[in-house]
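Note: the block below is target-v7.pdb and it holds PDB, C-alpha atoms, pLDDT in the B column.
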```pdb
ATOM      1  CA  MET A   1    -128.014 -45.906  48.078  1.00 43.00           C
ATOM      2  CA  THR A   2    -127.614 -45.572  44.340  1.00 43.00           C
ATOM      3  CA  ALA A   3    -124.483 -47.010  42.689  1.00 42.00           C
ATOM      4  CA  ALA A   4    -123.011 -45.244  39.687  1.00 41.00           C
ATOM      5  CA  PHE A   5    -120.217 -45.077  37.127  1.00 42.00           C
ATOM      6  CA  VAL A   6    -117.675 -47.837  37.876  1.00 40.00           C
ATOM      7  CA  GLU A   7    -118.144 -51.440  38.974  1.00 43.00           C
ATOM      8  CA  ASN A   8    -115.845 -54.206  40.247  1.00 41.00           C
ATOM      9  CA  GLY A   9    -113.073 -51.774  41.131  1.00 41.00           C
ATOM     10  CA  GLN A  10    -111.836 -51.387  37.528  1.00 41.00           C
ATOM     11  CA  ALA A  11    -111.994 -48.414  35.204  1.00 39.00           C
ATOM     12  CA  SER A  12    -111.731 -49.123  31.494  1.00 40.00           C
ATOM     13  CA  ASP A  13    -108.081 -47.999  31.333  1.00 40.00           C
ATOM     14  CA  GLY A  14    -107.048 -49.874  34.493  1.00 40.00           C
ATOM     15  CA  ARG A  15    -106.453 -46.739  36.588  1.00 68.00           C
ATOM     16  CA  ALA A  16    -109.350 -47.544  38.885  1.00 83.00           C
ATOM     17  CA  TRP A  17    -108.689 -45.357  41.908  1.00 85.00           C
ATOM     18  CA  ASP A  18    -107.439 -42.336  39.955  1.00 86.00           C
ATOM     19  CA  TYR A  19    -110.478 -42.530  37.691  1.00 89.00           C
ATOM     20  CA  LEU A  20    -112.886 -42.878  40.609  1.00 90.00           C
ATOM     21  CA  LEU A  21    -111.319 -40.023  42.549  1.00 90.00           C
ATOM     22  CA  GLN A  22    -111.307 -37.691  39.540  1.00 89.00           C
ATOM     23  CA  THR A  23    -114.949 -38.537  38.832  1.00 91.00           C
ATOM     24  CA  TRP A  24    -115.808 -37.975  42.516  1.00 90.00           C
ATOM     25  CA  ARG A  25    -114.137 -34.547  42.410  1.00 87.00           C
ATOM     26  CA  GLU A  26    -116.128 -33.504  39.366  1.00 87.00           C
ATOM     27  CA  LEU A  27    -119.550 -34.797  40.371  1.00 88.00           C
ATOM     28  CA  ASP A  28    -122.356 -32.277  40.584  1.00 87.00           C
ATOM     29  CA  VAL A  29    -124.134 -33.887  43.519  1.00 87.00           C
ATOM     30  CA  PRO A  30    -127.690 -32.665  44.286  1.00 86.00           C
ATOM     31  CA  GLU A  31    -128.010 -30.606  47.439  1.00 84.00           C
ATOM     32  CA  GLY A  32    -128.238 -32.796  50.532  1.00 84.00           C
ATOM     33  CA  TRP A  33    -126.809 -35.884  48.796  1.00 90.00           C
ATOM     34  CA  ARG A  34    -123.333 -37.318  49.396  1.00 90.00           C
ATOM     35  CA  ALA A  35    -121.040 -39.185  47.001  1.00 92.00           C
ATOM     36  CA  GLU A  36    -118.843 -41.989  48.365  1.00 93.00           C
ATOM     37  CA  ILE A  37    -116.512 -44.592  46.851  1.00 93.00           C
ATOM     38  CA  ASP A  38    -117.042 -48.179  47.957  1.00 91.00           C
ATOM     39  CA  GLU A  39    -116.380 -51.570  46.361  1.00 85.00           C
ATOM     40  CA  GLY A  40    -115.038 -49.928  43.204  1.00 88.00           C
ATOM     41  CA  GLN A  41    -118.172 -47.848  42.693  1.00 90.00           C
ATOM     42  CA  ILE A  42    -119.272 -44.303  43.263  1.00 93.00           C
ATOM     43  CA  VAL A  43    -122.437 -44.413  45.326  1.00 92.00           C
ATOM     44  CA  LEU A  44    -124.850 -41.579  45.967  1.00 91.00           C
ATOM     45  CA  VAL A  45    -126.292 -41.375  49.466  1.00 88.00           C
ATOM     46  CA  PRO A  46    -129.685 -39.617  49.621  1.00 87.00           C
ATOM     47  CA  PRO A  47    -130.551 -36.825  52.078  1.00 83.00           C
ATOM     48  CA  SER A  48    -131.060 -37.864  55.684  1.00 82.00           C
ATOM     49  CA  HIS A  49    -134.290 -37.884  57.706  1.00 82.00           C
ATOM     50  CA  ALA A  50    -134.832 -34.933  60.058  1.00 87.00           C
ATOM     51  CA  HIS A  51    -134.317 -37.221  63.094  1.00 88.00           C
ATOM     52  CA  HIS A  52    -130.946 -38.248  61.688  1.00 90.00           C
ATOM     53  CA  ASN A  53    -129.899 -34.618  61.361  1.00 91.00           C
ATOM     54  CA  GLY A  54    -131.246 -33.881  64.831  1.00 93.00           C
ATOM     55  CA  ILE A  55    -128.964 -36.513  66.351  1.00 95.00           C
ATOM     56  CA  ALA A  56    -125.963 -35.111  64.487  1.00 95.00           C
ATOM     57  CA  ALA A  57    -126.757 -31.659  65.855  1.00 95.00           C
ATOM     58  CA  LYS A  58    -127.025 -32.986  69.434  1.00 95.00           C
ATOM     59  CA  VAL A  59    -123.680 -34.786  69.173  1.00 97.00           C
ATOM     60  CA  GLN A  60    -121.986 -31.776  67.662  1.00 96.00           C
ATOM     61  CA  ARG A  61    -123.308 -29.480  70.390  1.00 95.00           C
ATOM     62  CA  ARG A  62    -121.986 -31.826  73.110  1.00 96.00           C
ATOM     63  CA  LEU A  63    -118.580 -32.152  71.482  1.00 97.00           C
ATOM     64  CA  TYR A  64    -118.157 -28.414  71.129  1.00 95.00           C
ATOM     65  CA  ALA A  65    -118.576 -27.991  74.895  1.00 94.00           C
ATOM     66  CA  THR A  66    -115.148 -29.540  75.518  1.00 94.00           C
ATOM     67  CA  LEU A  67    -113.455 -29.599  72.106  1.00 95.00           C
ATOM     68  CA  PRO A  68    -109.805 -28.440  72.164  1.00 93.00           C
ATOM     69  CA  GLU A  69    -109.007 -25.397  70.041  1.00 93.00           C
ATOM     70  CA  ASP A  70    -106.807 -27.390  67.675  1.00 94.00           C
ATOM     71  CA  LEU A  71    -109.668 -29.678  66.625  1.00 96.00           C
ATOM     72  CA  GLU A  72    -112.758 -29.071  64.519  1.00 96.00           C
ATOM     73  CA  ILE A  73    -115.951 -30.959  63.618  1.00 96.00           C
ATOM     74  CA  TYR A  74    -116.866 -31.406  59.947  1.00 95.00           C
ATOM     75  CA  GLN A  75    -120.169 -32.593  58.460  1.00 91.00           C
ATOM     76  CA  THR A  76    -119.416 -33.039  54.745  1.00 86.00           C
ATOM     77  CA  LEU A  77    -115.733 -33.998  54.771  1.00 93.00           C
ATOM     78  CA  GLY A  78    -114.650 -36.927  52.617  1.00 94.00           C
ATOM     79  CA  VAL A  79    -112.188 -39.328  54.244  1.00 96.00           C
ATOM     80  CA  HIS A  80    -110.026 -41.773  52.287  1.00 95.00           C
ATOM     81  CA  VAL A  81    -109.563 -45.258  53.735  1.00 95.00           C
ATOM     82  CA  ALA A  82    -106.287 -45.906  51.912  1.00 90.00           C
ATOM     83  CA  PRO A  83    -105.783 -49.608  52.830  1.00 90.00           C
ATOM     84  CA  LEU A  84    -109.132 -50.484  51.224  1.00 92.00           C
ATOM     85  CA  GLY A  85    -109.447 -47.909  48.443  1.00 91.00           C
ATOM     86  CA  LYS A  86    -112.638 -46.457  49.907  1.00 94.00           C
ATOM     87  CA  LEU A  87    -113.882 -42.922  50.369  1.00 96.00           C
ATOM     88  CA  TYR A  88    -116.633 -42.153  52.852  1.00 97.00           C
ATOM     89  CA  VAL A  89    -118.352 -38.947  53.951  1.00 95.00           C
ATOM     90  CA  PRO A  90    -119.188 -39.520  57.642  1.00 96.00           C
ATOM     91  CA  ASP A  91    -122.049 -37.766  59.366  1.00 96.00           C
ATOM     92  CA  LEU A  92    -119.451 -36.104  61.586  1.00 97.00           C
ATOM     93  CA  VAL A  93    -115.659 -36.313  61.651  1.00 97.00           C
ATOM     94  CA  VAL A  94    -113.236 -34.620  64.038  1.00 98.00           C
ATOM     95  CA  MET A  95    -109.911 -33.583  62.498  1.00 96.00           C
ATOM     96  CA  PRO A  96    -106.971 -31.395  63.528  1.00 95.00           C
ATOM     97  CA  THR A  97    -107.591 -27.911  62.170  1.00 92.00           C
ATOM     98  CA  GLU A  98    -103.999 -27.617  60.929  1.00 92.00           C
ATOM     99  CA  LEU A  99    -104.541 -30.486  58.471  1.00 85.00           C
ATOM    100  CA  ILE A 100    -107.598 -28.827  56.982  1.00 77.00           C
ATOM    101  CA  ALA A 101    -105.803 -25.490  56.788  1.00 72.00           C
ATOM    102  CA  ALA A 102    -102.912 -27.129  54.919  1.00 71.00           C
ATOM    103  CA  ALA A 103    -105.180 -28.740  52.298  1.00 67.00           C
ATOM    104  CA  ASP A 104    -105.084 -27.368  48.745  1.00 61.00           C
ATOM    105  CA  PRO A 105    -108.054 -24.964  48.467  1.00 61.00           C
ATOM    106  CA  GLU A 106    -108.221 -25.505  44.702  1.00 59.00           C
ATOM    107  CA  VAL A 107    -108.679 -29.292  44.856  1.00 59.00           C
ATOM    108  CA  SER A 108    -111.604 -31.106  46.485  1.00 70.00           C
ATOM    109  CA  ASP A 109    -109.627 -34.055  47.803  1.00 83.00           C
ATOM    110  CA  PRO A 110    -110.608 -36.255  50.739  1.00 90.00           C
ATOM    111  CA  MET A 111    -108.574 -36.279  53.937  1.00 93.00           C
ATOM    112  CA  ASP A 112    -106.759 -39.395  55.098  1.00 94.00           C
ATOM    113  CA  ALA A 113    -109.099 -41.255  57.473  1.00 96.00           C
ATOM    114  CA  SER A 114    -106.095 -42.211  59.626  1.00 95.00           C
ATOM    115  CA  GLU A 115    -105.800 -38.540  60.640  1.00 96.00           C
ATOM    116  CA  ALA A 116    -109.320 -38.431  62.115  1.00 97.00           C
ATOM    117  CA  LEU A 117    -109.696 -38.558  65.886  1.00 97.00           C
ATOM    118  CA  LEU A 118    -113.387 -39.457  65.822  1.00 98.00           C
ATOM    119  CA  VAL A 119    -115.765 -40.605  63.098  1.00 98.00           C
ATOM    120  CA  VAL A 120    -119.529 -40.588  63.707  1.00 98.00           C
ATOM    121  CA  GLU A 121    -122.048 -42.519  61.604  1.00 97.00           C
ATOM    122  CA  ILE A 122    -125.801 -42.318  62.257  1.00 96.00           C
ATOM    123  CA  THR A 123    -127.770 -45.111  60.648  1.00 94.00           C
ATOM    124  CA  SER A 124    -130.683 -44.686  58.300  1.00 90.00           C
ATOM    125  CA  ARG A 125    -132.991 -47.546  57.337  1.00 87.00           C
ATOM    126  CA  GLY A 126    -131.224 -47.999  54.025  1.00 84.00           C
ATOM    127  CA  ASN A 127    -127.622 -47.939  55.236  1.00 86.00           C
ATOM    128  CA  ALA A 128    -127.644 -49.421  58.745  1.00 92.00           C
ATOM    129  CA  ARG A 129    -125.980 -52.663  57.673  1.00 92.00           C
ATOM    130  CA  GLU A 130    -123.147 -50.813  55.899  1.00 93.00           C
ATOM    131  CA  ASP A 131    -122.484 -48.638  58.954  1.00 95.00           C
ATOM    132  CA  ARG A 132    -122.401 -51.724  61.217  1.00 96.00           C
ATOM    133  CA  THR A 133    -120.159 -53.830  58.988  1.00 96.00           C
ATOM    134  CA  LYS A 134    -118.348 -52.223  56.031  1.00 95.00           C
ATOM    135  CA  LYS A 135    -117.698 -48.887  57.663  1.00 97.00           C
ATOM    136  CA  TYR A 136    -116.852 -50.478  61.011  1.00 97.00           C
ATOM    137  CA  ARG A 137    -114.151 -52.577  59.318  1.00 97.00           C
ATOM    138  CA  ALA A 138    -112.942 -49.716  57.135  1.00 97.00           C
ATOM    139  CA  TYR A 139    -112.484 -47.243  59.985  1.00 97.00           C
ATOM    140  CA  ALA A 140    -110.737 -49.906  62.057  1.00 97.00           C
ATOM    141  CA  ARG A 141    -108.371 -50.720  59.175  1.00 96.00           C
ATOM    142  CA  ALA A 142    -107.653 -47.019  58.717  1.00 96.00           C
ATOM    143  CA  GLY A 143    -106.667 -46.741  62.386  1.00 96.00           C
ATOM    144  CA  VAL A 144    -109.394 -44.286  63.381  1.00 97.00           C
ATOM    145  CA  PRO A 145    -109.066 -44.246  67.205  1.00 97.00           C
ATOM    146  CA  MET A 146    -112.790 -43.776  67.894  1.00 98.00           C
ATOM    147  CA  TYR A 147    -115.800 -44.810  65.833  1.00 98.00           C
ATOM    148  CA  LEU A 148    -119.172 -43.734  67.207  1.00 98.00           C
ATOM    149  CA  LEU A 149    -122.109 -45.638  65.712  1.00 98.00           C
ATOM    150  CA  ILE A 150    -125.542 -44.271  66.539  1.00 97.00           C
ATOM    151  CA  ASP A 151    -127.980 -46.938  65.422  1.00 96.00           C
ATOM    152  CA  ARG A 152    -131.681 -46.130  65.695  1.00 94.00           C
ATOM    153  CA  PHE A 153    -132.524 -49.418  63.964  1.00 93.00           C
ATOM    154  CA  ASP A 154    -130.563 -51.896  66.086  1.00 94.00           C
ATOM    155  CA  THR A 155    -132.625 -55.063  66.671  1.00 92.00           C
ATOM    156  CA  ARG A 156    -132.089 -54.574  70.428  1.00 92.00           C
ATOM    157  CA  GLY A 157    -133.610 -51.115  70.216  1.00 94.00           C
ATOM    158  CA  PRO A 158    -131.907 -47.770  69.498  1.00 95.00           C
ATOM    159  CA  MET A 159    -128.255 -47.965  70.601  1.00 96.00           C
ATOM    160  CA  ALA A 160    -125.160 -45.758  70.708  1.00 97.00           C
ATOM    161  CA  THR A 161    -121.864 -47.639  70.488  1.00 98.00           C
ATOM    162  CA  LEU A 162    -118.335 -46.330  70.830  1.00 98.00           C
ATOM    163  CA  PHE A 163    -115.601 -48.498  69.300  1.00 98.00           C
ATOM    164  CA  THR A 164    -112.032 -47.699  70.372  1.00 98.00           C
ATOM    165  CA  GLU A 165    -108.469 -48.982  69.938  1.00 97.00           C
ATOM    166  CA  PRO A 166    -108.360 -50.323  66.369  1.00 96.00           C
ATOM    167  CA  ASN A 167    -106.466 -53.591  66.027  1.00 92.00           C
ATOM    168  CA  GLY A 168    -105.308 -53.009  62.465  1.00 81.00           C
ATOM    169  CA  ASP A 169    -107.119 -56.150  61.293  1.00 89.00           C
ATOM    170  CA  GLY A 170    -110.493 -54.519  60.709  1.00 94.00           C
ATOM    171  CA  THR A 171    -111.730 -54.735  64.301  1.00 97.00           C
ATOM    172  CA  PHE A 172    -111.654 -52.605  67.437  1.00 98.00           C
ATOM    173  CA  LYS A 173    -110.452 -53.911  70.806  1.00 97.00           C
ATOM    174  CA  HIS A 174    -113.082 -52.166  72.901  1.00 97.00           C
ATOM    175  CA  THR A 175    -116.821 -51.677  72.520  1.00 98.00           C
ATOM    176  CA  ASP A 176    -119.015 -49.575  74.795  1.00 98.00           C
ATOM    177  CA  ALA A 177    -122.704 -49.806  73.866  1.00 97.00           C
ATOM    178  CA  VAL A 178    -125.630 -48.127  75.617  1.00 97.00           C
ATOM    179  CA  PRO A 179    -129.337 -47.974  74.790  1.00 96.00           C
ATOM    180  CA  PHE A 180    -130.865 -44.579  74.093  1.00 96.00           C
ATOM    181  CA  GLY A 181    -131.600 -43.010  77.450  1.00 95.00           C
ATOM    182  CA  LYS A 182    -128.250 -43.807  79.082  1.00 96.00           C
ATOM    183  CA  PRO A 183    -125.156 -41.581  78.875  1.00 97.00           C
ATOM    184  CA  LEU A 184    -122.167 -42.638  76.785  1.00 98.00           C
ATOM    185  CA  ALA A 185    -118.718 -41.397  77.793  1.00 97.00           C
ATOM    186  CA  LEU A 186    -116.248 -40.244  75.150  1.00 97.00           C
ATOM    187  CA  PRO A 187    -112.659 -40.290  76.441  1.00 96.00           C
ATOM    188  CA  SER A 188    -109.847 -37.772  75.935  1.00 95.00           C
ATOM    189  CA  PRO A 189    -109.452 -35.470  74.075  1.00 95.00           C
ATOM    190  CA  PHE A 190    -113.238 -35.023  74.313  1.00 96.00           C
ATOM    191  CA  ASP A 191    -113.984 -35.992  77.923  1.00 95.00           C
ATOM    192  CA  VAL A 192    -117.703 -35.580  77.478  1.00 96.00           C
ATOM    193  CA  GLN A 193    -120.888 -37.522  78.189  1.00 96.00           C
ATOM    194  CA  LEU A 194    -123.288 -37.921  75.306  1.00 96.00           C
ATOM    195  CA  MET A 195    -126.833 -37.725  76.629  1.00 95.00           C
ATOM    196  CA  THR A 196    -128.483 -40.279  74.357  1.00 95.00           C
ATOM    197  CA  GLY A 197    -131.864 -39.650  75.933  1.00 93.00           C
ATOM    198  CA  GLU A 198    -131.905 -36.438  73.874  1.00 91.00           C
ATOM    199  CA  PHE A 199    -131.729 -38.387  70.610  1.00 91.00           C
ATOM    200  CA  PRO A 200    -134.909 -38.897  68.555  1.00 80.00           C
ATOM    201  CA  GLY A 201    -135.815 -42.534  67.960  1.00 67.00           C
ATOM    202  CA  PRO A 202    -136.526 -44.283  64.651  1.00 59.00           C
ATOM    203  CA  ALA A 203    -138.720 -42.555  62.129  1.00 48.00           C
ATOM    204  CA  VAL A 204    -142.193 -44.077  62.012  1.00 39.00           C
TER
END
```
Target format structure tokens, applied to this file:
Amino acid sequence: MTAAFVENGQASDGRAWDYLLQTWRELDVPEGWRAEIDEGQIVLVPPSHAHHNGIAAKVQRRLYATLPEDLEIYQTLGVHVAPLGKLYVPDLVVMPTELIAAADPEVSDPMDASEALLVVEITSRGNAREDRTKKYRAYARAGVPMYLLIDRFDTRGPMATLFTEPNGDGTFKHTDAVPFGKPLALPSPFDVQLMTGEFPGPAV
């Protein structure tokens, strides 16, 4: 990742978050890149490997098989973790369609992460640690009910892990981890089995 613009959580005039958010709105990000706000900085996340995108496509296809009509899957939606002053753009996020429809079409603002039903992060070599630690804690603090971490670079081998029931202290009560090749069940409102054997492994 490449950090840019503001460090240590402080803008020069003291309006750190407002400054960061306004800058984020106005960024001309190269195609395929994503801009996030973390630790008082705007960071640019480079385009993903084809295997990464292939996993996202497999997950999305499975979710659509049982997804209720009032929910939708988004690939480039910014979510604001208000308790921590962070803004992430997950690989996939499931949100109620009515919230997206109610958003101001003239302003590119993030959605509140607490409104998400499911957040999916797929690790790359350069960001695996952040997905396992920073984003795990952030989504738990935001109260996201389900965080799906698909980690091709886990030291145990490629793993898919579903974290559920956030405690509010930056942790989740329940963890269900399976190696690639075994199915992983997602509970209601999805009620679907992810077939992790379909996922490509780490890039060579």
**OP:** Give as a ChimeraX atom specification the set of residues within 9 Å of the point (-109.0, -48.3, 67.5), where distances use the file's coordinates and all atoms listed in the file.
**Re:** /A:139-147,163-168,171-174
C-alpha atoms of the current selection, written as an mmCIF file, in the frame of the given file:
```
data_model
loop_
_atom_site.group_PDB
_atom_site.id
_atom_site.type_symbol
_atom_site.label_atom_id
_atom_site.label_comp_id
_atom_site.auth_asym_id
_atom_site.auth_seq_id
_atom_site.Cartn_x
_atom_site.Cartn_y
_atom_site.Cartn_z
ATOM 1 C CA TYR A 139 -112.484 -47.243 59.985
ATOM 2 C CA ALA A 140 -110.737 -49.906 62.057
ATOM 3 C CA ARG A 141 -108.371 -50.720 59.175
ATOM 4 C CA ALA A 142 -107.653 -47.019 58.717
ATOM 5 C CA GLY A 143 -106.667 -46.741 62.386
ATOM 6 C CA VAL A 144 -109.394 -44.286 63.381
ATOM 7 C CA PRO A 145 -109.066 -44.246 67.205
ATOM 8 C CA MET A 146 -112.790 -43.776 67.894
ATOM 9 C CA TYR A 147 -115.800 -44.810 65.833
ATOM 10 C CA PHE A 163 -115.601 -48.498 69.300
ATOM 11 C CA THR A 164 -112.032 -47.699 70.372
ATOM 12 C CA GLU A 165 -108.469 -48.982 69.938
ATOM 13 C CA PRO A 166 -108.360 -50.323 66.369
ATOM 14 C CA ASN A 167 -106.466 -53.591 66.027
ATOM 15 C CA GLY A 168 -105.308 -53.009 62.465
ATOM 16 C CA THR A 171 -111.730 -54.735 64.301
ATOM 17 C CA PHE A 172 -111.654 -52.605 67.437
ATOM 18 C CA LYS A 173 -110.452 -53.911 70.806
ATOM 19 C CA HIS A 174 -113.082 -52.166 72.901
#
```
**OP:** Measure the distance from CA of His80 in chain A to CA of Ala35 in chain A in Å and round it to one decimal.
**Re:**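 Computed distance, CA of His80 in chain A to CA of Ala35 in chain A, equals 12.5 Å.
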**OP:** Using the chain letters and residue numbers of this document, give as JSON, numbers by chain the residues selected by the PyMOL selection byres ((chain A and resi 110-115) around 12).
**Re:** {"A": [21, 22, 24, 25, 35, 36, 37, 71, 74, 76, 77, 78, 79, 80, 81, 82, 83, 84, 85, 86, 87, 88, 89, 90, 93, 94, 95, 96, 97, 98, 99, 100, 101, 102, 103, 104, 105, 107, 108, 109, 116, 117, 118, 119, 135, 138, 139, 140, 141, 142, 143, 144, 145, 146, 147, 166, 168]}
Original post:
Which value, in Å to one decimal, gives the distance between CA of Pro187 in chain A and CA of Tyr64 in chain A?
Top reply: 14.1 Å
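Run against this file, the PyMOL selection byres ((chain A and resi 55) around 9) gives back Ala50, His51, His52, Asn53, Gly54, Ala56, Ala57, Lys58, Val59, Gln60, Ile122, Ile150, Thr196, Glu198, Phe199 and Pro200 of chain A.
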Subject >> Interatomic distance, CA of Glu121 in chain A to CA of Pro30 in chain A (Å, one decimal) >> reply: 20.7 Å
The PyMOL selection byres ((chain A and resi 20) around 8) applied to the shown file, residues as an mmCIF file with C-alpha atoms, in the coordinates of the input:
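So part.cif came out as:
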```
data_model
loop_
_atom_site.group_PDB
_atom_site.id
_atom_site.type_symbol
_atom_site.label_atom_id
_atom_site.label_comp_id
_atom_site.auth_asym_id
_atom_site.auth_seq_id
_atom_site.Cartn_x
_atom_site.Cartn_y
_atom_site.Cartn_z
ATOM 1 C CA VAL A 6 -117.675 -47.837 37.876
ATOM 2 C CA ALA A 11 -111.994 -48.414 35.204
ATOM 3 C CA ALA A 16 -109.350 -47.544 38.885
ATOM 4 C CA TRP A 17 -108.689 -45.357 41.908
ATOM 5 C CA ASP A 18 -107.439 -42.336 39.955
ATOM 6 C CA TYR A 19 -110.478 -42.530 37.691
ATOM 7 C CA LEU A 21 -111.319 -40.023 42.549
ATOM 8 C CA GLN A 22 -111.307 -37.691 39.540
ATOM 9 C CA THR A 23 -114.949 -38.537 38.832
ATOM 10 C CA TRP A 24 -115.808 -37.975 42.516
ATOM 11 C CA ILE A 37 -116.512 -44.592 46.851
ATOM 12 C CA GLY A 40 -115.038 -49.928 43.204
ATOM 13 C CA GLN A 41 -118.172 -47.848 42.693
ATOM 14 C CA ILE A 42 -119.272 -44.303 43.263
#
```
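Among the candidates A:Met195, A:Ala160, A:Val29, A:Leu148, the residue lying nearest to Pro179 in chain A is A:Ala160 (atoms considered: only C-alpha atoms).
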Given 8 Å of margin on each side, can you work out the centre and size in Å (one decimal) of an axis-aligned box holding every listed atom of range 155-168 of chain A, as AutoDock Vina command-line options?
```
--center_x -119.5 --center_y -50.4 --center_z 66.6 --size_x 44.3 --size_y 25.3 --size_z 24.4
```
Original post:
Between A:Arg132, A:Leu92, A:Ser124, A:Glu31, which one has atoms that come closest to Leu63 in chain A, using only C-alpha atoms?
Top reply: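 Checking each of A:Arg132, A:Leu92, A:Ser124, A:Glu31 against Leu63 in chain A, counting only C-alpha atoms, the winner is A:Leu92.
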